Amino acid sequence: MTNLTFAPPPPNTEATEKLRAEVRAFLNVELAGMTARQRAQSWSGRNPAFSKKMAEKGWIGMTWPKQYGGHERSALERYVVLEEMLAAGAPVAAHWIADRQSAPSILRYGTQEQKDFFVPKIARGELFFCIGMSEPDSGSDLAATRTRATAVEGGFKVNGTKVWTSGAHVSHYMILFCRTDAKSDDRHGGVSQFIVDMKTPGIKVSPIVDLSHEHHFNEVVFEDVFLPASAMLGNQGDGWKQVTGELAYERSGPDRFLSTFTLLIEGFAMLQEAVDDRAAIALGRIIAHLMTLRRMSRSIAGMLQRGEDPAVHAAIVKELGTSLEQEMVEVLRLIVDAEPDATSSNPYVAVLAHTIMHAPSFSLRGGTREILRGMIARGLGLR
Amino acid sequence: MSETTDLIRDMAEKLFGDTCDKSVLAAAEKGEFQTGLWKEVTDAGLSGALLPESAGGSDLSIEDALAALRISASRAAPVPLAETMLAGWLAGSALAVPEGPLTIAPASNSSSIALKKTGAGWRLEGVGKRVPFARNAAAILVLAEADGANMVARVDPKACAISEGRNLAMEPRDDVTFACDLGAGDVAPAGNNVNLETLRAFGAAMRANQIAGALSRTLEITLQYANERVQFGKPIGKFQAVQHNLAMLAAHSAAANAAADMASEAAANGMNLLPIAAAKARCGEAASIGAGIAHQTHGAIGFTREHMLHYLTKRLWSWRDEFGKESDWSLIIGRAAAKAGPKKLWSDIVTA
């Protein structure tokens, strides 16, 4: 049985708290003009100029080697920046995926040329990435991927369709997960990853508008797209192992329990005149959950620092965290006297509307609740 | 983790793993105090964990004491270890305590206890509600305010009227009526940072650790059962619906253990109230969900007196209420947050 305990997180240090103060001072200035509704976008809020400023502060690629434009700071220092950004509702979407998973994957599996070319630009906030995993017939069942890269002279030719690709329309590159070899008995074999320039001829990006009329994700069609052999990330056929590692990065952070923090703040502000005991109990309970999740999530930062594999721990934090995010909506609805209205000038009312309409995605994106529970069960030795 | 901590954990694992078998648990439920087990706990230095060495204790760190307590709870050890540790903390170096199990009052907020100075000594009056193991204790350490000062009184339970009660696990929870004259040497000023609020918080930190221990063990035996019990031609743990329930049991057990760690650190760090409040609230919720899943997985057999499971789940159902239930602690957190206001919410979560 996997050891599913969460070791005590590394303690805060003078360095982390100095950094925290610096981040807060920065955010006080930079976010001054943002409305609550904009902040509620959390890590889906996109502002490339803001990302560039974060890079100038050295807050992208914090843990990466200096050789590649990183800053060689600890996982806990990176955690401080992430959680402060999320709690404040900073518009971090532009660089979020590249910082969270694409560059770490490139550093882990990439060639020297790939590391030299991509990672410093990502750290400078100049290159944004999207994730090419899901397909029309391959959502949770990632191994069913049908997009195929066929070997041709000098490289590969890609055909297929990716969907639900957040930010594909504004990203420079995609890490594409696709089939390179025939299906075999090993259903996790024969898949590989590529770093794809989104300007490559034959790639067509079309918007998929979500139920709140927002455009975050896209359909990305590949039609005879030529990729040079140098675009392959890692070894041919190792795609499954690599994508699993990438998903552990994707699931382990505070973005999995802090994405509704603006709702909590605004709901609380609405109540502030009179927090009765019923409301205080409801708020106190949410805070108790947040404190516990934060401890567990920081414990994972410690695991990353020590080079341990946090996949199952990350699944636990994501499952408990996204459940709390979704529950937070229901709790606030019942203690604050207001009806949701996305067009309202009342910050809480607008944020509530936004959050209700985005909440279903919390337990879908980055691995569905059902997939995560399956992973935890596997960690328990049941599968 | 220090070497001492590892040694204490290993020792506790062995001690409670070897001793807390079904016969001990069943006998305790019938009301027999487990003298043999208690002697082992005492010989191992655990009952005196929080007593200074000068008072014959083993003067463990609070975190080590709570780690040992968590392990005792994982075996549903039917002895007043938490209470004796708390009593040791109350007595400190100010009051000598007799040998044997000890307990404390007030354990419940519905108690009302008054201590007054008389000519040569003290007068203690009132009722301590739901005092754990009062009938078995060699002494009750009572914390009370007298003239604005926190005082600790050492009381012989035989001098009190005891109305017996029990929690769901049949652990004694007695109402104790005090009407005693105490000598000057029976009462001493409470130690630094020992007051009614910190006593309740420490009690909550203890129950949080006990819940975490009992939930870990509940997860273990439930996994074992799911791997062994065959229905429809395969172990029930192979069914996805069951797997998902067990995943949630594991998640809540992990959360309870992380929360209990948070409580232990806060207890060691000046009895910092908010993390302990959060931990007790979180552990209480995990206890409810975890016990429910464990029973659901075990089916009817887990509902019988014969099976081991109920020794753990009845403790989970009891401990979640003792020293403040989820709503009591959530209220404290919520009120503190309301007082600070929404703009301070995040920084208070970070600093807590």
# chains A, B, ... in the order shown; residues from 1 in each chain; ligands from 1
>>> interface_residues(of="chain A", to="chain B", cutoff="7 Å", atoms="only C-alpha atoms", output="PyMOL selection string")
chain A and resi 4-6+87+265+268-269+272+275+277+280-281+283-285+288-289+291-292+296+316+373-374+376-377+382-383
>>> select_by_dssp(residues="segment 183-265 of chain B", states="alpha helix (DSSP H)", output="ChimeraX atom specification")
/B:196-228,240-265
>>> residues_around(residues="segment 178-190 of chain A", least_positions_apart="2", cutoff="8 Å", atoms="only C-alpha atoms", output="JSON, numbers by chain")
{"A": [133, 143, 145, 146, 147, 148, 149, 150, 151, 176, 192, 193, 236, 237, 238, 239, 240]}
>>> write_last_selection(atoms="N, CA, C and O atoms", output="PDB file, in the first residue's frame")
ATOM      1  N   MET A 133      -3.977  17.145 -24.768  1.00  0.00           N
ATOM      2  CA  MET A 133      -4.263  15.776 -24.304  1.00  0.00           C
ATOM      3  C   MET A 133      -5.626  15.291 -24.784  1.00  0.00           C
ATOM      4  O   MET A 133      -5.715  14.324 -25.527  1.00  0.00           O
ATOM      5  N   ALA A 143      -5.506   7.007 -22.921  1.00  0.00           N
ATOM      6  CA  ALA A 143      -4.797   6.007 -23.725  1.00  0.00           C
ATOM      7  C   ALA A 143      -5.532   5.727 -25.044  1.00  0.00           C
ATOM      8  O   ALA A 143      -4.968   5.118 -25.950  1.00  0.00           O
ATOM      9  N   THR A 145      -6.198   7.769 -27.224  1.00  0.00           N
ATOM     10  CA  THR A 145      -5.874   8.854 -28.147  1.00  0.00           C
ATOM     11  C   THR A 145      -5.783   8.349 -29.589  1.00  0.00           C
ATOM     12  O   THR A 145      -5.226   7.278 -29.860  1.00  0.00           O
ATOM     13  N   ARG A 146      -6.389   9.114 -30.512  1.00  0.00           N
ATOM     14  CA  ARG A 146      -6.387   8.685 -31.916  1.00  0.00           C
ATOM     15  C   ARG A 146      -5.524   9.577 -32.787  1.00  0.00           C
ATOM     16  O   ARG A 146      -5.192   9.215 -33.918  1.00  0.00           O
ATOM     17  N   THR A 147      -5.229  10.789 -32.310  1.00  0.00           N
ATOM     18  CA  THR A 147      -4.341  11.656 -33.080  1.00  0.00           C
ATOM     19  C   THR A 147      -3.028  10.898 -33.278  1.00  0.00           C
ATOM     20  O   THR A 147      -2.493  10.308 -32.341  1.00  0.00           O
ATOM     21  N   ARG A 148      -2.547  10.913 -34.514  1.00  0.00           N
ATOM     22  CA  ARG A 148      -1.417  10.040 -34.831  1.00  0.00           C
ATOM     23  C   ARG A 148      -0.314  10.835 -35.516  1.00  0.00           C
ATOM     24  O   ARG A 148      -0.584  11.667 -36.389  1.00  0.00           O
ATOM     25  N   ALA A 149       0.920  10.561 -35.099  1.00  0.00           N
ATOM     26  CA  ALA A 149       2.082  11.114 -35.788  1.00  0.00           C
ATOM     27  C   ALA A 149       2.747   9.970 -36.545  1.00  0.00           C
ATOM     28  O   ALA A 149       3.203   9.008 -35.932  1.00  0.00           O
ATOM     29  N   THR A 150       2.774  10.095 -37.862  1.00  0.00           N
ATOM     30  CA  THR A 150       3.342   9.040 -38.699  1.00  0.00           C
ATOM     31  C   THR A 150       4.740   9.464 -39.131  1.00  0.00           C
ATOM     32  O   THR A 150       4.940  10.610 -39.553  1.00  0.00           O
ATOM     33  N   ALA A 151       5.685   8.547 -39.015  1.00  0.00           N
ATOM     34  CA  ALA A 151       7.064   8.879 -39.392  1.00  0.00           C
ATOM     35  C   ALA A 151       7.140   9.173 -40.891  1.00  0.00           C
ATOM     36  O   ALA A 151       6.600   8.430 -41.707  1.00  0.00           O
ATOM     37  N   LEU A 176       1.939  18.135 -27.287  1.00  0.00           N
ATOM     38  CA  LEU A 176       0.954  17.245 -27.911  1.00  0.00           C
ATOM     39  C   LEU A 176       1.208  15.814 -27.470  1.00  0.00           C
ATOM     40  O   LEU A 176       2.342  15.324 -27.511  1.00  0.00           O
ATOM     41  N   SER A 192       3.493   9.090 -27.693  1.00  0.00           N
ATOM     42  CA  SER A 192       4.652   9.965 -27.510  1.00  0.00           C
ATOM     43  C   SER A 192       4.184  11.408 -27.335  1.00  0.00           C
ATOM     44  O   SER A 192       2.997  11.707 -27.513  1.00  0.00           O
ATOM     45  N   GLN A 193       5.119  12.276 -26.981  1.00  0.00           N
ATOM     46  CA  GLN A 193       4.802  13.707 -26.850  1.00  0.00           C
ATOM     47  C   GLN A 193       5.671  14.520 -27.799  1.00  0.00           C
ATOM     48  O   GLN A 193       6.828  14.176 -28.064  1.00  0.00           O
ATOM     49  N   GLN A 236      10.484   8.213 -28.039  1.00  0.00           N
ATOM     50  CA  GLN A 236       9.313   7.680 -28.738  1.00  0.00           C
ATOM     51  C   GLN A 236       8.786   6.476 -27.958  1.00  0.00           C
ATOM     52  O   GLN A 236       9.536   5.584 -27.582  1.00  0.00           O
ATOM     53  N   GLY A 237       7.463   6.503 -27.689  1.00  0.00           N
ATOM     54  CA  GLY A 237       6.843   5.395 -26.965  1.00  0.00           C
ATOM     55  C   GLY A 237       6.768   5.599 -25.459  1.00  0.00           C
ATOM     56  O   GLY A 237       6.102   4.851 -24.755  1.00  0.00           O
ATOM     57  N   ASP A 238       7.432   6.637 -24.959  1.00  0.00           N
ATOM     58  CA  ASP A 238       7.400   6.904 -23.515  1.00  0.00           C
ATOM     59  C   ASP A 238       6.301   7.885 -23.108  1.00  0.00           C
ATOM     60  O   ASP A 238       6.275   8.387 -21.983  1.00  0.00           O
ATOM     61  N   GLY A 239       5.418   8.193 -24.063  1.00  0.00           N
ATOM     62  CA  GLY A 239       4.419   9.240 -23.823  1.00  0.00           C
ATOM     63  C   GLY A 239       3.575   9.030 -22.582  1.00  0.00           C
ATOM     64  O   GLY A 239       3.263   9.979 -21.866  1.00  0.00           O
ATOM     65  N   TRP A 240       3.221   7.791 -22.318  1.00  0.00           N
ATOM     66  CA  TRP A 240       2.321   7.553 -21.183  1.00  0.00           C
ATOM     67  C   TRP A 240       3.009   7.901 -19.868  1.00  0.00           C
ATOM     68  O   TRP A 240       2.446   8.598 -19.021  1.00  0.00           O
TER      69      TRP A 240
END
>>> atom_distance(atom1="atom CA of Leu50 of chain B", atom2="atom CA of Asp174 of chain B")
23.7 Å
>>> select_by_dssp(residues="segment 136-346 of chain B", states="strand (DSSP E)", output="number ranges by chain")
B: 139-146, 149-155, 161-163, 173-182, 187-189, 230-231, 234-235
>>> closest_residue(among="B:Ala161, B:Ala179, B:Thr222, B:Leu69", to="Ile301 of chain B", atoms="only C-alpha atoms")
B:Thr222
>>> residues_around(residues="Val41 of chain B", least_positions_apart="6", cutoff="9 Å", atoms="only C-alpha atoms", output="list in words")
Ala12, Leu15, Phe16, Ser47, Val79 and Leu81 of chain B
>>> closest_residue(among="B:Leu143, B:Leu25, B:Ala138, B:Leu249", to="Leu380 of chain A", atoms="only C-alpha atoms")
B:Leu249
>>> residues_around(residues="segment 88-98 of chain A", least_positions_apart="2", cutoff="6 Å", atoms="only C-alpha atoms", output="JSON, numbers by chain")
{"A": [39, 42, 43, 44, 45, 46, 47, 48, 85, 86, 100, 101, 102, 103, 128, 129]}
>>> atom_distance(atom1="atom CA of Val155 of chain B", atom2="atom CA of Gly57 of chain B")
19.4 Å
>>> atom_distance(atom1="atom CA of Thr260 of chain A", atom2="atom CA of Leu31 of chain A")
17.2 Å
>>> residues_around(residues="segment 64-67 of chain A", least_positions_apart="4", cutoff="10 Å", atoms="only C-alpha atoms", output="PyMOL selection string")
chain A and resi 60+71-75+99+103-104+107+115-116+119-120+123
>>> write_last_selection(atoms="N, CA, C and O atoms", output="PDB file, in the first residue's frame")
ATOM      1  N   ILE A  60       8.453  33.384 -12.415  1.00  0.00           N
ATOM      2  CA  ILE A  60       8.150  32.256 -13.309  1.00  0.00           C
ATOM      3  C   ILE A  60       9.418  31.417 -13.348  1.00  0.00           C
ATOM      4  O   ILE A  60      10.520  31.953 -13.385  1.00  0.00           O
ATOM      5  N   HIS A  71      15.472  30.290 -11.344  1.00  0.00           N
ATOM      6  CA  HIS A  71      15.952  31.078 -10.208  1.00  0.00           C
ATOM      7  C   HIS A  71      16.418  30.212  -9.039  1.00  0.00           C
ATOM      8  O   HIS A  71      16.786  30.742  -7.994  1.00  0.00           O
ATOM      9  N   GLU A  72      16.356  28.903  -9.213  1.00  0.00           N
ATOM     10  CA  GLU A  72      16.883  27.950  -8.222  1.00  0.00           C
ATOM     11  C   GLU A  72      16.385  28.232  -6.807  1.00  0.00           C
ATOM     12  O   GLU A  72      17.127  28.145  -5.849  1.00  0.00           O
ATOM     13  N   ARG A  73      15.114  28.578  -6.734  1.00  0.00           N
ATOM     14  CA  ARG A  73      14.543  28.762  -5.398  1.00  0.00           C
ATOM     15  C   ARG A  73      13.829  27.481  -5.000  1.00  0.00           C
ATOM     16  O   ARG A  73      13.670  26.559  -5.797  1.00  0.00           O
ATOM     17  N   SER A  74      13.384  27.414  -3.735  1.00  0.00           N
ATOM     18  CA  SER A  74      12.814  26.156  -3.251  1.00  0.00           C
ATOM     19  C   SER A  74      11.370  26.002  -3.733  1.00  0.00           C
ATOM     20  O   SER A  74      10.711  26.965  -4.129  1.00  0.00           O
ATOM     21  N   ALA A  75      10.898  24.750  -3.690  1.00  0.00           N
ATOM     22  CA  ALA A  75       9.502  24.484  -4.060  1.00  0.00           C
ATOM     23  C   ALA A  75       8.560  25.259  -3.137  1.00  0.00           C
ATOM     24  O   ALA A  75       7.473  25.673  -3.552  1.00  0.00           O
ATOM     25  N   ASP A  99       4.501  27.304 -16.863  1.00  0.00           N
ATOM     26  CA  ASP A  99       5.239  27.323 -15.595  1.00  0.00           C
ATOM     27  C   ASP A  99       4.959  26.061 -14.788  1.00  0.00           C
ATOM     28  O   ASP A  99       5.843  25.492 -14.168  1.00  0.00           O
ATOM     29  N   ALA A 103       7.248  23.479 -18.958  1.00  0.00           N
ATOM     30  CA  ALA A 103       8.691  23.611 -18.772  1.00  0.00           C
ATOM     31  C   ALA A 103       9.255  22.516 -17.857  1.00  0.00           C
ATOM     32  O   ALA A 103      10.308  21.950 -18.167  1.00  0.00           O
ATOM     33  N   PRO A 104       8.587  22.176 -16.740  1.00  0.00           N
ATOM     34  CA  PRO A 104       9.102  21.060 -15.941  1.00  0.00           C
ATOM     35  C   PRO A 104       9.235  19.768 -16.754  1.00  0.00           C
ATOM     36  O   PRO A 104      10.206  19.023 -16.589  1.00  0.00           O
ATOM     37  N   LEU A 107      12.266  20.199 -19.006  1.00  0.00           N
ATOM     38  CA  LEU A 107      13.500  20.051 -18.223  1.00  0.00           C
ATOM     39  C   LEU A 107      13.775  18.590 -17.892  1.00  0.00           C
ATOM     40  O   LEU A 107      14.921  18.156 -17.820  1.00  0.00           O
ATOM     41  N   LYS A 115      15.792  22.303 -24.131  1.00  0.00           N
ATOM     42  CA  LYS A 115      15.902  23.021 -22.855  1.00  0.00           C
ATOM     43  C   LYS A 115      16.471  24.421 -23.097  1.00  0.00           C
ATOM     44  O   LYS A 115      15.953  25.398 -22.548  1.00  0.00           O
ATOM     45  N   ASP A 116      17.516  24.478 -23.929  1.00  0.00           N
ATOM     46  CA  ASP A 116      18.151  25.784 -24.180  1.00  0.00           C
ATOM     47  C   ASP A 116      17.209  26.741 -24.888  1.00  0.00           C
ATOM     48  O   ASP A 116      17.211  27.941 -24.627  1.00  0.00           O
ATOM     49  N   VAL A 119      13.090  26.823 -22.370  1.00  0.00           N
ATOM     50  CA  VAL A 119      12.926  27.125 -20.945  1.00  0.00           C
ATOM     51  C   VAL A 119      13.256  28.585 -20.609  1.00  0.00           C
ATOM     52  O   VAL A 119      12.481  29.235 -19.896  1.00  0.00           O
ATOM     53  N   PRO A 120      14.349  29.145 -21.131  1.00  0.00           N
ATOM     54  CA  PRO A 120      14.617  30.558 -20.796  1.00  0.00           C
ATOM     55  C   PRO A 120      13.516  31.502 -21.285  1.00  0.00           C
ATOM     56  O   PRO A 120      13.173  32.458 -20.588  1.00  0.00           O
ATOM     57  N   ALA A 123      10.654  31.270 -18.908  1.00  0.00           N
ATOM     58  CA  ALA A 123      10.974  31.967 -17.660  1.00  0.00           C
ATOM     59  C   ALA A 123      10.891  33.485 -17.833  1.00  0.00           C
ATOM     60  O   ALA A 123      10.604  34.203 -16.875  1.00  0.00           O
TER      61      ALA A 123
END
>>> residues_around(residues="Cys20 of chain B", least_positions_apart="3", cutoff="8 Å", atoms="only C-alpha atoms", output="VMD selection string")
chain B and resid 16 to 17 23 to 25 37 75 to 77
>>> closest_residue(among="B:Val131, B:Ile104, B:Met151, B:Val142", to="Pro172 of chain B", atoms="only C-alpha atoms")
B:Val131
>>> decode(residues="segment 231-243 of chain B", atoms="all heavy atoms", output="tab-separated table (two decimals), in the first residue's frame")
chain	number	residue	atom	x	y	z
B	231	GLN	N	-17.79	-11.49	-3.28
B	231	GLN	CA	-19.19	-11.50	-3.72
B	231	GLN	C	-19.18	-11.41	-5.24
B	231	GLN	O	-18.30	-10.78	-5.82
B	231	GLN	CB	-19.96	-10.31	-3.14
B	231	GLN	CG	-20.23	-10.42	-1.65
B	231	GLN	CD	-21.31	-11.43	-1.33
B	231	GLN	OE1	-22.49	-11.14	-1.34
B	231	GLN	NE2	-20.90	-12.67	-1.06
B	232	PHE	N	-20.16	-12.04	-5.86
B	232	PHE	CA	-20.24	-12.06	-7.33
B	232	PHE	C	-18.92	-12.60	-7.92
B	232	PHE	O	-18.47	-12.14	-8.97
B	232	PHE	CB	-20.53	-10.67	-7.90
B	232	PHE	CG	-21.76	-10.03	-7.33
B	232	PHE	CD1	-21.67	-9.04	-6.36
B	232	PHE	CD2	-23.03	-10.45	-7.75
B	232	PHE	CE1	-22.80	-8.47	-5.82
B	232	PHE	CE2	-24.16	-9.86	-7.21
B	232	PHE	CZ	-24.06	-8.88	-6.25
B	233	GLY	N	-18.26	-13.48	-7.18
B	233	GLY	CA	-17.08	-14.14	-7.70
B	233	GLY	C	-15.78	-13.37	-7.59
B	233	GLY	O	-14.76	-13.79	-8.12
B	234	LYS	N	-15.80	-12.22	-6.93
B	234	LYS	CA	-14.51	-11.51	-6.76
B	234	LYS	C	-14.53	-10.68	-5.48
B	234	LYS	O	-15.61	-10.37	-4.95
B	234	LYS	CB	-14.20	-10.65	-7.97
B	234	LYS	CG	-15.27	-9.65	-8.37
B	234	LYS	CD	-14.86	-8.92	-9.66
B	234	LYS	CE	-15.96	-7.99	-10.12
B	234	LYS	NZ	-15.63	-7.27	-11.36
B	235	PRO	N	-13.34	-10.33	-4.99
B	235	PRO	CA	-13.32	-9.49	-3.78
B	235	PRO	C	-14.07	-8.18	-4.03
B	235	PRO	O	-13.94	-7.59	-5.11
B	235	PRO	CB	-11.83	-9.21	-3.57
B	235	PRO	CG	-11.11	-10.27	-4.33
B	235	PRO	CD	-11.99	-10.63	-5.49
B	236	ILE	N	-14.85	-7.73	-3.04
B	236	ILE	CA	-15.67	-6.53	-3.28
B	236	ILE	C	-14.80	-5.30	-3.57
B	236	ILE	O	-15.24	-4.37	-4.22
B	236	ILE	CB	-16.63	-6.25	-2.10
B	236	ILE	CG1	-15.87	-6.06	-0.79
B	236	ILE	CG2	-17.66	-7.36	-1.98
B	236	ILE	CD1	-16.74	-5.54	0.35
B	237	GLY	N	-13.54	-5.34	-3.13
B	237	GLY	CA	-12.62	-4.24	-3.42
B	237	GLY	C	-12.30	-4.10	-4.89
B	237	GLY	O	-11.68	-3.12	-5.31
B	238	LYS	N	-12.70	-5.07	-5.70
B	238	LYS	CA	-12.48	-4.98	-7.15
B	238	LYS	C	-13.61	-4.20	-7.83
B	238	LYS	O	-13.51	-3.88	-9.01
B	238	LYS	CB	-12.40	-6.38	-7.77
B	238	LYS	CG	-11.18	-7.17	-7.32
B	238	LYS	CD	-9.91	-6.60	-7.95
B	238	LYS	CE	-8.66	-7.20	-7.31
B	238	LYS	NZ	-7.49	-6.33	-7.44
B	239	PHE	N	-14.68	-3.95	-7.12
B	239	PHE	CA	-15.80	-3.19	-7.72
B	239	PHE	C	-15.51	-1.70	-7.64
B	239	PHE	O	-15.12	-1.17	-6.60
B	239	PHE	CB	-17.11	-3.52	-7.01
B	239	PHE	CG	-17.59	-4.90	-7.29
B	239	PHE	CD1	-17.29	-5.94	-6.42
B	239	PHE	CD2	-18.33	-5.18	-8.43
B	239	PHE	CE1	-17.70	-7.24	-6.69
B	239	PHE	CE2	-18.75	-6.48	-8.71
B	239	PHE	CZ	-18.44	-7.51	-7.84
B	240	GLN	N	-15.75	-1.02	-8.75
B	240	GLN	CA	-15.40	0.40	-8.82
B	240	GLN	C	-16.17	1.23	-7.78
B	240	GLN	O	-15.60	2.15	-7.17
B	240	GLN	CB	-15.67	0.92	-10.22
B	240	GLN	CG	-14.99	2.24	-10.48
B	240	GLN	CD	-15.17	2.70	-11.92
B	240	GLN	OE1	-16.28	2.66	-12.46
B	240	GLN	NE2	-14.09	3.12	-12.54
B	241	ALA	N	-17.44	0.89	-7.58
B	241	ALA	CA	-18.23	1.68	-6.62
B	241	ALA	C	-17.60	1.59	-5.24
B	241	ALA	O	-17.52	2.57	-4.50
B	241	ALA	CB	-19.68	1.18	-6.61
B	242	VAL	N	-17.15	0.39	-4.89
B	242	VAL	CA	-16.52	0.19	-3.58
B	242	VAL	C	-15.16	0.90	-3.54
B	242	VAL	O	-14.81	1.55	-2.55
B	242	VAL	CB	-16.37	-1.32	-3.28
B	242	VAL	CG1	-15.63	-1.55	-1.98
B	242	VAL	CG2	-17.75	-1.98	-3.24
B	243	GLN	N	-14.42	0.78	-4.64
B	243	GLN	CA	-13.11	1.44	-4.69
B	243	GLN	C	-13.23	2.95	-4.46
B	243	GLN	O	-12.42	3.56	-3.77
B	243	GLN	CB	-12.44	1.20	-6.05
B	243	GLN	CG	-11.97	-0.23	-6.23
B	243	GLN	CD	-11.39	-0.48	-7.61
B	243	GLN	OE1	-11.49	0.36	-8.50
B	243	GLN	NE2	-10.78	-1.64	-7.79
